[in-house]
$ cat query-v1.txt   # compact mmCIF, C-alpha atoms
# COMPACT_ATOMS: atom_id res chain seq x y z
CA MET A 1 0.00 0.00 0.00
CA LYS A 2 3.08 2.21 -0.20
CA ARG A 3 2.69 4.15 -3.40
CA ILE A 4 -0.44 6.18 -2.74
CA ILE A 5 0.40 7.34 0.75
CA LEU A 6 3.82 8.53 -0.41
CA PHE A 7 2.11 10.19 -3.36
CA LEU A 8 -0.35 11.99 -1.07
CA VAL A 9 2.32 13.16 1.36
CA THR A 10 4.51 14.39 -1.49
CA ASN A 11 1.48 16.06 -3.04
CA MET A 12 0.73 17.92 0.21
CA ALA A 13 4.36 18.99 0.60
CA VAL A 14 4.56 20.28 -2.97
CA MET A 15 1.26 22.14 -2.55
CA LEU A 16 2.62 23.81 0.57
CA VAL A 17 5.80 24.88 -1.23
CA LEU A 18 3.83 26.21 -4.20
CA SER A 19 1.43 28.07 -1.90
CA ILE A 20 4.29 29.71 0.02
CA THR A 21 6.01 30.63 -3.24
CA MET A 22 2.87 32.22 -4.67
CA ASN A 23 2.35 34.21 -1.47
CA LEU A 24 5.97 35.40 -1.49
CA LEU A 25 5.44 36.57 -5.06
CA GLY A 26 2.44 38.58 -3.88
CA VAL A 27 -0.26 36.58 -5.65
CA GLY A 28 -2.14 35.90 -2.41
CA ARG A 29 -2.10 39.58 -1.43
CA TYR A 30 -3.29 40.54 -4.90
CA LEU A 31 -6.27 38.18 -4.69
CA THR A 32 -7.42 39.54 -1.35
CA ALA A 33 -6.46 43.22 -1.63
CA ASN A 34 -9.83 44.43 -2.83
CA GLY A 35 -11.98 41.39 -2.29
CA VAL A 36 -11.71 37.86 -3.65
CA ASP A 37 -12.33 37.40 -7.37
CA PRO A 38 -13.73 33.83 -7.61
CA ALA A 39 -12.42 33.29 -11.13
CA GLN A 40 -8.90 34.38 -10.23
CA LEU A 41 -9.04 32.39 -7.01
CA LEU A 42 -10.09 29.28 -8.93
CA VAL A 43 -7.14 29.67 -11.31
CA PHE A 44 -4.82 30.11 -8.32
CA ALA A 45 -6.30 27.03 -6.59
CA ALA A 46 -6.00 24.93 -9.76
CA PHE A 47 -2.38 25.93 -10.21
CA ILE A 48 -1.51 24.89 -6.66
CA GLY A 49 -3.79 21.83 -6.63
CA PHE A 50 -2.81 20.30 -9.96
CA GLY A 51 0.77 21.47 -9.62
CA GLY A 52 1.12 19.53 -6.39
CA SER A 53 -0.38 16.34 -7.77
CA PHE A 54 1.55 16.35 -11.06
CA ILE A 55 4.90 17.11 -9.46
CA SER A 56 4.21 14.29 -7.00
CA LEU A 57 3.47 11.97 -9.91
CA LEU A 58 6.72 12.85 -11.66
CA MET A 59 8.62 12.18 -8.44
CA SER A 60 6.80 8.93 -7.67
CA LYS A 61 9.41 6.44 -8.90
CA TRP A 62 12.25 8.18 -7.10
CA MET A 63 10.21 8.51 -3.92
CA ALA A 64 9.22 4.84 -4.08
CA LYS A 65 12.80 3.65 -4.40
CA THR A 66 14.00 6.01 -1.68
CA SER A 67 11.28 5.20 0.85
CA THR A 68 11.47 1.41 0.50
CA GLY A 69 15.16 0.99 -0.26
CA ALA A 70 14.13 -0.94 -3.38
CA GLN A 71 17.03 -2.08 -5.55
CA VAL A 72 16.36 -2.14 -9.29
CA ILE A 73 17.38 -5.39 -10.96
CA ASP A 74 19.58 -5.05 -14.03
CA PRO A 75 17.66 -7.06 -16.66
CA GLN A 76 20.92 -7.82 -18.45
CA ALA A 77 22.68 -9.06 -15.33
CA PRO A 78 20.35 -10.45 -12.65
CA ARG A 79 22.28 -11.64 -9.61
CA ASN A 80 20.50 -14.99 -9.27
CA GLN A 81 17.82 -17.22 -10.72
CA ARG A 82 15.09 -15.63 -8.59
CA GLU A 83 15.83 -12.16 -9.94
CA ALA A 84 16.02 -13.48 -13.51
CA TRP A 85 12.61 -15.16 -13.12
CA LEU A 86 11.10 -12.03 -11.58
CA VAL A 87 12.29 -9.73 -14.37
CA ASP A 88 11.26 -12.18 -17.09
CA THR A 89 7.78 -12.62 -15.59
CA VAL A 90 7.12 -8.88 -15.25
CA HIS A 91 8.34 -8.29 -18.82
CA GLN A 92 6.13 -11.06 -20.20
CA LEU A 93 3.09 -9.61 -18.41
CA ALA A 94 3.94 -6.11 -19.66
CA ASP A 95 4.18 -7.42 -23.22
CA ARG A 96 0.75 -9.04 -22.89
CA ALA A 97 -0.68 -5.79 -21.50
CA GLY A 98 0.80 -3.78 -24.36
CA ILE A 99 2.90 -1.45 -22.21
CA GLY A 100 6.60 -0.71 -22.03
CA ARG A 101 8.63 -3.06 -19.86
CA PRO A 102 8.82 -1.61 -16.33
CA GLU A 103 11.85 -1.45 -14.12
CA VAL A 104 11.73 -4.33 -11.65
CA ALA A 105 12.96 -3.88 -8.09
CA LEU A 106 13.29 -5.89 -4.89
CA TYR A 107 13.07 -4.56 -1.35
CA GLU A 108 13.36 -6.14 2.07
CA GLY A 109 10.07 -6.49 3.90
CA ALA A 110 6.97 -8.50 4.72
CA PRO A 111 4.70 -9.67 1.87
CA ASN A 112 3.67 -6.81 -0.43
CA ALA A 113 4.23 -5.31 -3.87
CA PHE A 114 3.49 -2.06 -5.68
CA ALA A 115 3.76 -0.35 -9.03
CA THR A 116 4.30 3.32 -9.73
CA GLY A 117 5.45 5.80 -12.34
CA ALA A 118 4.18 8.76 -14.32
CA PHE A 119 4.05 6.97 -17.66
CA ARG A 120 2.73 3.60 -18.82
CA ASN A 121 5.94 2.94 -20.72
CA ASP A 122 8.30 4.11 -17.97
CA SER A 123 7.12 2.57 -14.72
CA LEU A 124 8.36 0.56 -11.76
CA VAL A 125 7.19 -2.71 -10.24
CA ALA A 126 8.65 -3.46 -6.81
CA VAL A 127 8.25 -6.71 -4.89
CA SER A 128 9.17 -7.49 -1.30
CA THR A 129 11.40 -10.41 -0.37
CA GLY A 130 8.64 -11.52 2.00
CA LEU A 131 6.19 -11.89 -0.87
CA LEU A 132 8.58 -14.03 -2.88
CA SER A 133 9.35 -16.30 0.04
CA SER A 134 5.73 -16.80 1.17
CA MET A 135 4.00 -17.51 -2.15
CA THR A 136 4.20 -20.00 -4.98
CA GLU A 137 5.44 -18.80 -8.37
CA GLU A 138 1.87 -18.90 -9.70
CA GLU A 139 0.64 -16.69 -6.86
CA VAL A 140 3.54 -14.25 -7.26
CA THR A 141 2.76 -14.10 -10.99
CA ALA A 142 -0.84 -13.18 -10.17
CA VAL A 143 0.34 -10.39 -7.87
CA LEU A 144 2.69 -9.12 -10.58
CA GLY A 145 -0.23 -9.23 -13.02
CA HIS A 146 -2.22 -7.08 -10.60
CA GLU A 147 0.55 -4.47 -10.51
CA VAL A 148 1.05 -4.52 -14.28
CA ALA A 149 -2.71 -4.05 -14.67
CA HIS A 150 -2.47 -0.91 -12.52
CA ILE A 151 0.07 0.46 -14.97
CA ALA A 152 -1.88 -0.60 -18.05
CA ASN A 153 -5.06 0.96 -16.63
CA GLY A 154 -3.28 4.29 -16.15
CA ASP A 155 -4.28 4.31 -12.49
CA MET A 156 -1.56 6.69 -11.31
CA VAL A 157 -2.45 9.31 -13.94
CA THR A 158 -6.16 9.02 -13.15
CA LEU A 159 -5.42 9.28 -9.45
CA THR A 160 -3.32 12.38 -10.16
CA LEU A 161 -6.20 14.04 -11.99
CA ILE A 162 -8.66 13.19 -9.20
CA GLN A 163 -6.22 14.42 -6.58
CA GLY A 164 -5.69 17.62 -8.57
CA VAL A 165 -9.43 18.28 -8.70
CA VAL A 166 -9.98 17.70 -4.99
CA ASN A 167 -6.86 19.74 -4.15
CA THR A 168 -8.25 22.60 -6.21
CA PHE A 169 -11.60 22.65 -4.46
CA VAL A 170 -10.07 22.26 -1.02
CA ILE A 171 -7.92 25.35 -1.66
CA PHE A 172 -10.72 27.28 -3.38
CA LEU A 173 -13.47 26.62 -0.83
CA SER A 174 -11.17 27.08 2.16
CA ARG A 175 -10.20 30.55 1.03
CA LEU A 176 -13.76 31.55 0.20
CA VAL A 177 -14.91 30.48 3.68
CA GLY A 178 -11.92 32.18 5.28
CA TYR A 179 -12.61 35.43 3.44
CA PHE A 180 -16.30 35.30 4.41
CA ILE A 181 -15.52 34.72 8.09
CA ASP A 182 -12.87 37.44 8.12
CA ARG A 183 -15.08 40.05 6.45
CA ALA A 184 -18.67 39.15 7.34
CA ILE A 185 -18.29 37.68 10.82
CA LEU A 186 -15.14 39.30 12.22
CA LYS A 187 -15.87 42.59 10.39
CA ASN A 188 -12.31 43.05 9.20
CA ASP A 189 -12.27 45.58 6.33
CA ARG A 190 -8.50 46.11 6.03
CA GLY A 191 -6.92 43.41 3.92
CA VAL A 192 -7.09 40.03 5.60
CA GLY A 193 -6.53 39.31 9.26
CA MET A 194 -5.71 36.34 11.47
CA GLY A 195 -9.31 35.20 11.24
CA TYR A 196 -8.81 34.57 7.54
CA TYR A 197 -5.64 32.53 7.98
CA ALA A 198 -7.02 30.55 10.92
CA SER A 199 -10.25 29.79 9.05
CA VAL A 200 -8.35 28.71 5.94
CA LEU A 201 -6.19 26.34 7.98
CA VAL A 202 -9.18 24.74 9.72
CA CYS A 203 -11.18 24.46 6.50
CA GLU A 204 -8.26 22.90 4.62
CA ILE A 205 -8.08 20.20 7.29
CA LEU A 206 -11.84 19.57 7.25
CA PHE A 207 -12.21 19.68 3.48
CA GLY A 208 -9.04 17.62 3.16
CA VAL A 209 -10.66 14.85 5.18
CA ILE A 210 -13.65 14.85 2.82
CA ALA A 211 -11.28 14.85 -0.16
CA SER A 212 -9.47 11.84 1.30
CA ILE A 213 -12.75 9.91 1.33
CA ILE A 214 -13.19 10.60 -2.40
CA VAL A 215 -9.63 9.54 -3.23
CA ALA A 216 -9.98 6.40 -1.09
CA TRP A 217 -13.20 5.45 -2.89
CA PHE A 218 -11.45 5.67 -6.25
CA SER A 219 -8.53 3.67 -4.91
CA ARG A 220 -10.86 0.85 -3.86
CA GLN A 221 -12.48 0.72 -7.30
CA ARG A 222 -9.16 0.50 -9.06
CA GLU A 223 -8.17 -2.48 -6.91
CA PHE A 224 -11.13 -4.45 -8.26
CA ARG A 225 -10.11 -3.50 -11.81
CA ALA A 226 -6.49 -4.50 -11.21
CA ASP A 227 -7.59 -7.87 -9.79
CA ALA A 228 -9.68 -8.44 -12.90
CA GLY A 229 -6.75 -7.27 -15.02
CA SER A 230 -4.49 -9.88 -13.44
CA ALA A 231 -7.04 -12.60 -14.17
CA HIS A 232 -7.20 -11.43 -17.79
CA LEU A 233 -3.41 -11.38 -18.22
CA LEU A 234 -3.05 -14.88 -16.73
CA GLY A 235 -6.13 -16.25 -18.51
CA ALA A 236 -7.63 -17.51 -15.24
CA ARG A 237 -9.08 -16.14 -12.01
CA GLU A 238 -7.83 -18.86 -9.68
CA PRO A 239 -4.19 -17.68 -9.30
CA MET A 240 -5.28 -14.22 -8.17
CA ILE A 241 -7.92 -15.69 -5.87
CA ARG A 242 -5.31 -17.95 -4.27
CA ALA A 243 -2.86 -15.05 -3.95
CA LEU A 244 -5.48 -12.90 -2.23
CA ALA A 245 -6.47 -15.74 0.07
CA ARG A 246 -2.84 -16.23 1.07
CA LEU A 247 -2.40 -12.49 1.65
CA GLY A 248 -5.46 -12.61 3.86
CA GLY A 249 -3.74 -15.18 6.02
CA VAL A 250 -0.40 -13.38 6.45
CA GLU A 251 0.58 -10.03 7.87
CA ALA A 252 0.91 -7.75 4.87
CA GLY A 253 4.05 -5.70 4.74
CA GLU A 254 3.49 -2.16 5.95
CA LEU A 255 4.40 0.32 3.24
CA PRO A 256 5.29 3.99 3.70
CA LYS A 257 2.07 5.89 4.26
CA SER A 258 2.52 7.92 1.09
CA PHE A 259 2.24 4.69 -0.93
CA GLN A 260 -0.58 3.04 0.95
CA ALA A 261 -3.06 2.65 -1.90
CA ALA A 262 -0.52 1.15 -4.26
CA GLY A 263 0.19 -2.10 -2.50
CA ILE A 264 -1.51 -5.42 -3.04
CA ALA A 265 -2.71 -6.02 0.53
CA GLY A 266 -6.23 -5.33 1.68
CA GLY A 267 -6.95 -2.25 3.76
CA ASN A 268 -8.60 -2.27 7.18
CA LEU A 269 -8.51 1.43 8.07
CA GLY A 270 -12.26 1.87 8.05
CA ALA A 271 -14.77 1.68 5.25
CA LEU A 272 -14.58 5.31 4.12
CA PHE A 273 -10.83 5.82 4.36
CA ALA A 274 -9.57 2.37 3.34
CA SER A 275 -7.47 2.45 0.18
CA HIS A 276 -8.23 -1.24 -0.49
CA PRO A 277 -11.49 -3.21 -0.27
CA PRO A 278 -11.59 -6.15 2.15
CA ILE A 279 -9.87 -9.20 0.67
CA GLU A 280 -13.11 -11.20 1.00
CA LYS A 281 -14.91 -8.74 -1.27
CA ARG A 282 -12.08 -8.80 -3.79
CA ILE A 283 -12.21 -12.58 -3.92
CA GLU A 284 -16.00 -12.52 -4.27
CA ALA A 285 -15.74 -10.00 -7.13
CA LEU A 286 -13.26 -12.24 -8.93
CA ARG A 287 -15.46 -15.30 -8.48
CA ASN A 288 -18.44 -13.39 -9.87
CA GLN A 289 -16.46 -12.09 -12.84
CA ALA A 290 -17.96 -13.21 -16.13
CA GLY A 291 -15.79 -15.49 -18.23
$ encode --input "query-v1.txt" --output "structure tokens"
Amino acid sequence: MKRIILFLVTNMAVMLVLSITMNLLGVGRYLTANGVDPAQLLVFAAFIGFGGSFISLLMSKWMAKTSTGAQVIDPQAPRNQREAWLVDTVHQLADRAGIGRPEVALYEGAPNAFATGAFRNDSLVAVSTGLLSSMTEEEVTAVLGHEVAHIANGDMVTLTLIQGVVNTFVIFLSRLVGYFIDRAILKNDRGVGMGYYASVLVCEILFGVIASIIVAWFSRQREFRADAGSAHLLGAREPMIRALARLGGVEAGELPKSFQAAGIAGGNLGALFASHPPIEKRIEALRNQAG
């Protein structure tokens, strides 16, 4: 579940940097000098919101490698038979999915795996040593198919767009509410006061929680699609069903929080905020899949 949490944290950090930069350049003061212009504020919010999400996306592979300590396998010189099999399997699945062959990496940890990258033809699939040691080759192949399906489905780009939209409205609505409270309730008619900044901070937290629910809902839907994608790539549902059942019986490796929605393991953080559906529901969806 590493990739999404890292993506979200990076996204928030980039948004903060962009917001500070825009304020230092005087854009924030310009917007509030003589009253808020909604159109200009929306453009400002979109710049910060989408800027944060797209920069996070472009940094995703580097952040993934850094946060997990994943070591990319040289496809021309794997160090052992296990690495050679892993690279060959991922490349075969990528060829079937019609995408560029991803980088393949290994990292130390309990059973888990993730895929990330800004482009379908320039991505990364990382697998934990715990996953390889606890599953059969068929089950590992199903997990790899799940991750390749994420890439083929363009899930990271779609997530970026959704995150950009919710970022934009969090910033936009927070500042509108802050301006209203500062002017209409606190009766401040000279620029903006502490009431504005305090209200914006509180609203960004509250609206951010709501935005997280939206992003988590999308993340859960894409897990069902990736499970189905793995079944399609392997030509059978049973390997993915067995892999999920095994994952349900082991302690899934904890991934950095910024990558939480990217891993294979099921989430149990609560229905609204979980990045993954319960494993039982994923298995049921696969069993009910036509054909």
$ atom_distance --input "query-v1.txt" --atom1 "atom CA of A:Val90" --atom2 "atom CA of A:Leu106"
12.4 Å
$ atom_distance --input "query-v1.txt" --atom1 "atom CA of A:Ser219" --atom2 "atom CA of A:Leu201"
26.2 Å
$ closest_atom_pairs --input "query-v1.txt" --of "stretch 122-224 of chain A" --to "stretch 56-79 of chain A" --cutoff "9 Å" --atoms "all atoms listed in the file" --output "CSV"
residue,atom,partner,partner_atom,distance
A:Ser123,CA,A:Lys61,CA,7.4
A:Leu124,CA,A:Lys61,CA,6.6
A:Ala126,CA,A:Ala70,CA,6.9
A:Val127,CA,A:Ala70,CA,8.4
A:Ser128,CA,A:Ala70,CA,8.5
A:Met156,CA,A:Leu57,CA,7.4
A:Val157,CA,A:Leu57,CA,7.6
A:Thr160,CA,A:Leu57,CA,6.8
$ atom_distance --input "query-v1.txt" --atom1 "atom CA of A:Ser275" --atom2 "atom CA of A:Arg220"
5.5 Å
$ closest_atom_pairs --input "query-v1.txt" --of "stretch 58-127 of chain A" --to "stretch 236-248 of chain A" --cutoff "12 Å" --atoms "all atoms listed in the file" --output "tab-separated table"
residue	atom	partner	partner_atom	distance
A:Ala110	CA	A:Leu247	CA	10.6
A:Pro111	CA	A:Leu247	CA	7.6
A:Asn112	CA	A:Leu247	CA	8.6
A:Ala113	CA	A:Leu247	CA	11.2
$ residues_around --input "query-v1.txt" --residues "A:Glu204" --least-positions-apart "4" --cutoff "7 Å" --atoms "only C-alpha atoms" --output "JSON, numbers by chain"
{"A": [170, 171, 174, 200, 208]}
$ closest_residue --input "query-v1.txt" --among "A:Gly49, A:Gly117, A:Gly195, A:Gly130" --to "A:Phe169" --atoms "only C-alpha atoms"
A:Gly49
$ closest_residue --input "query-v1.txt" --among "A:Val143, A:Ile185, A:Val202, A:Ala118" --to "A:Thr89" --atoms "all atoms listed in the file"
A:Val143
$ residues_around --input "query-v1.txt" --residues "stretch 92-103 of chain A" --least-positions-apart "6" --cutoff "7 Å" --atoms "only C-alpha atoms" --output "ChimeraX atom specification"
/A:72,120-125,145,148,152,233
$ residues_around --input "query-v1.txt" --residues "A:Asn288" --least-positions-apart "3" --cutoff "12 Å" --atoms "only C-alpha atoms" --output "VMD selection string"
chain A and resid 224 228 237 to 238 241 281 to 285 291
$ residues_around --input "query-v1.txt" --residues "A:Asn188" --least-positions-apart "6" --cutoff "12 Å" --atoms "all atoms listed in the file" --output "PyMOL selection string"
chain A and resi 35+178-182+194-196
$ closest_residue --input "query-v1.txt" --among "A:His91, A:Phe114, A:Glu138, A:Phe54" --to "A:Ile162" --atoms "all atoms listed in the file"
A:Phe54
$ closest_residue --input "query-v1.txt" --among "A:Glu147, A:Val209, A:Pro278, A:Ala184" --to "A:Gly229" --atoms "all atoms listed in the file"
A:Glu147
$ decode --input "query-v1.txt" --residues "stretch 150-190 of chain A" --atoms "N, CA and C atoms" --output "compact mmCIF listing (two decimals), in the first residue's frame"
# COMPACT_ATOMS: atom_id res chain seq x y z
N HIS A 150 -2.41 -2.30 -12.99
CA HIS A 150 -2.47 -0.91 -12.52
C HIS A 150 -1.81 0.03 -13.52
N ILE A 151 -0.66 -0.38 -14.01
CA ILE A 151 0.07 0.46 -14.97
C ILE A 151 -0.71 0.56 -16.27
N ALA A 152 -1.15 -0.58 -16.78
CA ALA A 152 -1.88 -0.60 -18.05
C ALA A 152 -3.18 0.20 -17.97
N ASN A 153 -3.82 0.21 -16.81
CA ASN A 153 -5.06 0.96 -16.63
C ASN A 153 -4.83 2.46 -16.46
N GLY A 154 -3.57 2.87 -16.34
CA GLY A 154 -3.28 4.29 -16.15
C GLY A 154 -3.75 4.81 -14.81
N ASP A 155 -3.71 3.94 -13.78
CA ASP A 155 -4.28 4.31 -12.49
C ASP A 155 -3.58 5.49 -11.83
N MET A 156 -2.26 5.59 -11.97
CA MET A 156 -1.56 6.69 -11.31
C MET A 156 -1.92 8.04 -11.95
N VAL A 157 -2.07 8.06 -13.27
CA VAL A 157 -2.45 9.31 -13.94
C VAL A 157 -3.86 9.71 -13.54
N THR A 158 -4.78 8.72 -13.53
CA THR A 158 -6.16 9.02 -13.15
C THR A 158 -6.22 9.50 -11.71
N LEU A 159 -5.47 8.85 -10.84
CA LEU A 159 -5.42 9.28 -9.45
C LEU A 159 -4.89 10.72 -9.35
N THR A 160 -3.89 11.03 -10.17
CA THR A 160 -3.32 12.38 -10.16
C THR A 160 -4.38 13.42 -10.54
N LEU A 161 -5.16 13.11 -11.56
CA LEU A 161 -6.20 14.04 -11.99
C LEU A 161 -7.26 14.22 -10.90
N ILE A 162 -7.67 13.11 -10.28
CA ILE A 162 -8.66 13.19 -9.20
C ILE A 162 -8.09 13.98 -8.03
N GLN A 163 -6.84 13.70 -7.69
CA GLN A 163 -6.22 14.42 -6.58
C GLN A 163 -6.10 15.90 -6.91
N GLY A 164 -5.78 16.22 -8.17
CA GLY A 164 -5.69 17.62 -8.57
C GLY A 164 -7.01 18.34 -8.43
N VAL A 165 -8.10 17.67 -8.81
CA VAL A 165 -9.43 18.28 -8.70
C VAL A 165 -9.79 18.52 -7.24
N VAL A 166 -9.60 17.51 -6.39
CA VAL A 166 -9.98 17.70 -4.99
C VAL A 166 -9.07 18.71 -4.31
N ASN A 167 -7.77 18.71 -4.67
CA ASN A 167 -6.86 19.74 -4.15
C ASN A 167 -7.39 21.13 -4.47
N THR A 168 -7.79 21.30 -5.74
CA THR A 168 -8.25 22.60 -6.21
C THR A 168 -9.44 23.09 -5.40
N PHE A 169 -10.41 22.21 -5.18
CA PHE A 169 -11.60 22.65 -4.46
C PHE A 169 -11.37 22.80 -2.98
N VAL A 170 -10.43 22.05 -2.42
CA VAL A 170 -10.07 22.26 -1.02
C VAL A 170 -9.48 23.66 -0.85
N ILE A 171 -8.56 24.03 -1.73
CA ILE A 171 -7.92 25.35 -1.66
C ILE A 171 -8.94 26.45 -1.93
N PHE A 172 -9.75 26.27 -2.96
CA PHE A 172 -10.72 27.28 -3.38
C PHE A 172 -11.76 27.53 -2.29
N LEU A 173 -12.40 26.46 -1.82
CA LEU A 173 -13.47 26.62 -0.83
C LEU A 173 -12.93 27.10 0.51
N SER A 174 -11.75 26.65 0.89
CA SER A 174 -11.17 27.08 2.16
C SER A 174 -10.95 28.59 2.18
N ARG A 175 -10.47 29.12 1.09
CA ARG A 175 -10.20 30.55 1.03
C ARG A 175 -11.48 31.38 0.92
N LEU A 176 -12.48 30.85 0.24
CA LEU A 176 -13.76 31.55 0.20
C LEU A 176 -14.38 31.62 1.60
N VAL A 177 -14.36 30.50 2.31
CA VAL A 177 -14.91 30.48 3.68
C VAL A 177 -14.10 31.40 4.58
N GLY A 178 -12.78 31.33 4.45
CA GLY A 178 -11.92 32.18 5.28
C GLY A 178 -12.17 33.65 5.04
N TYR A 179 -12.35 34.03 3.78
CA TYR A 179 -12.61 35.43 3.44
C TYR A 179 -13.96 35.87 4.00
N PHE A 180 -14.98 34.97 3.89
CA PHE A 180 -16.30 35.30 4.41
C PHE A 180 -16.25 35.51 5.92
N ILE A 181 -15.60 34.60 6.63
CA ILE A 181 -15.52 34.72 8.09
C ILE A 181 -14.78 35.99 8.49
N ASP A 182 -13.68 36.27 7.78
CA ASP A 182 -12.87 37.44 8.12
C ASP A 182 -13.64 38.74 7.90
N ARG A 183 -14.38 38.81 6.80
CA ARG A 183 -15.08 40.05 6.45
C ARG A 183 -16.47 40.13 7.07
N ALA A 184 -17.27 39.08 6.93
CA ALA A 184 -18.67 39.15 7.34
C ALA A 184 -18.88 38.91 8.83
N ILE A 185 -18.09 38.02 9.41
CA ILE A 185 -18.29 37.68 10.82
C ILE A 185 -17.37 38.49 11.73
N LEU A 186 -16.09 38.56 11.39
CA LEU A 186 -15.14 39.30 12.22
C LEU A 186 -15.07 40.79 11.86
N LYS A 187 -15.76 41.18 10.79
CA LYS A 187 -15.87 42.59 10.39
C LYS A 187 -14.51 43.24 10.11
N ASN A 188 -13.61 42.50 9.57
CA ASN A 188 -12.31 43.05 9.20
C ASN A 188 -12.40 43.64 7.80
N ASP A 189 -12.16 44.94 7.65
CA ASP A 189 -12.27 45.58 6.33
C ASP A 189 -10.93 46.13 5.85
N ARG A 190 -9.84 45.66 6.44
CA ARG A 190 -8.50 46.11 6.03
C ARG A 190 -7.65 44.91 5.65
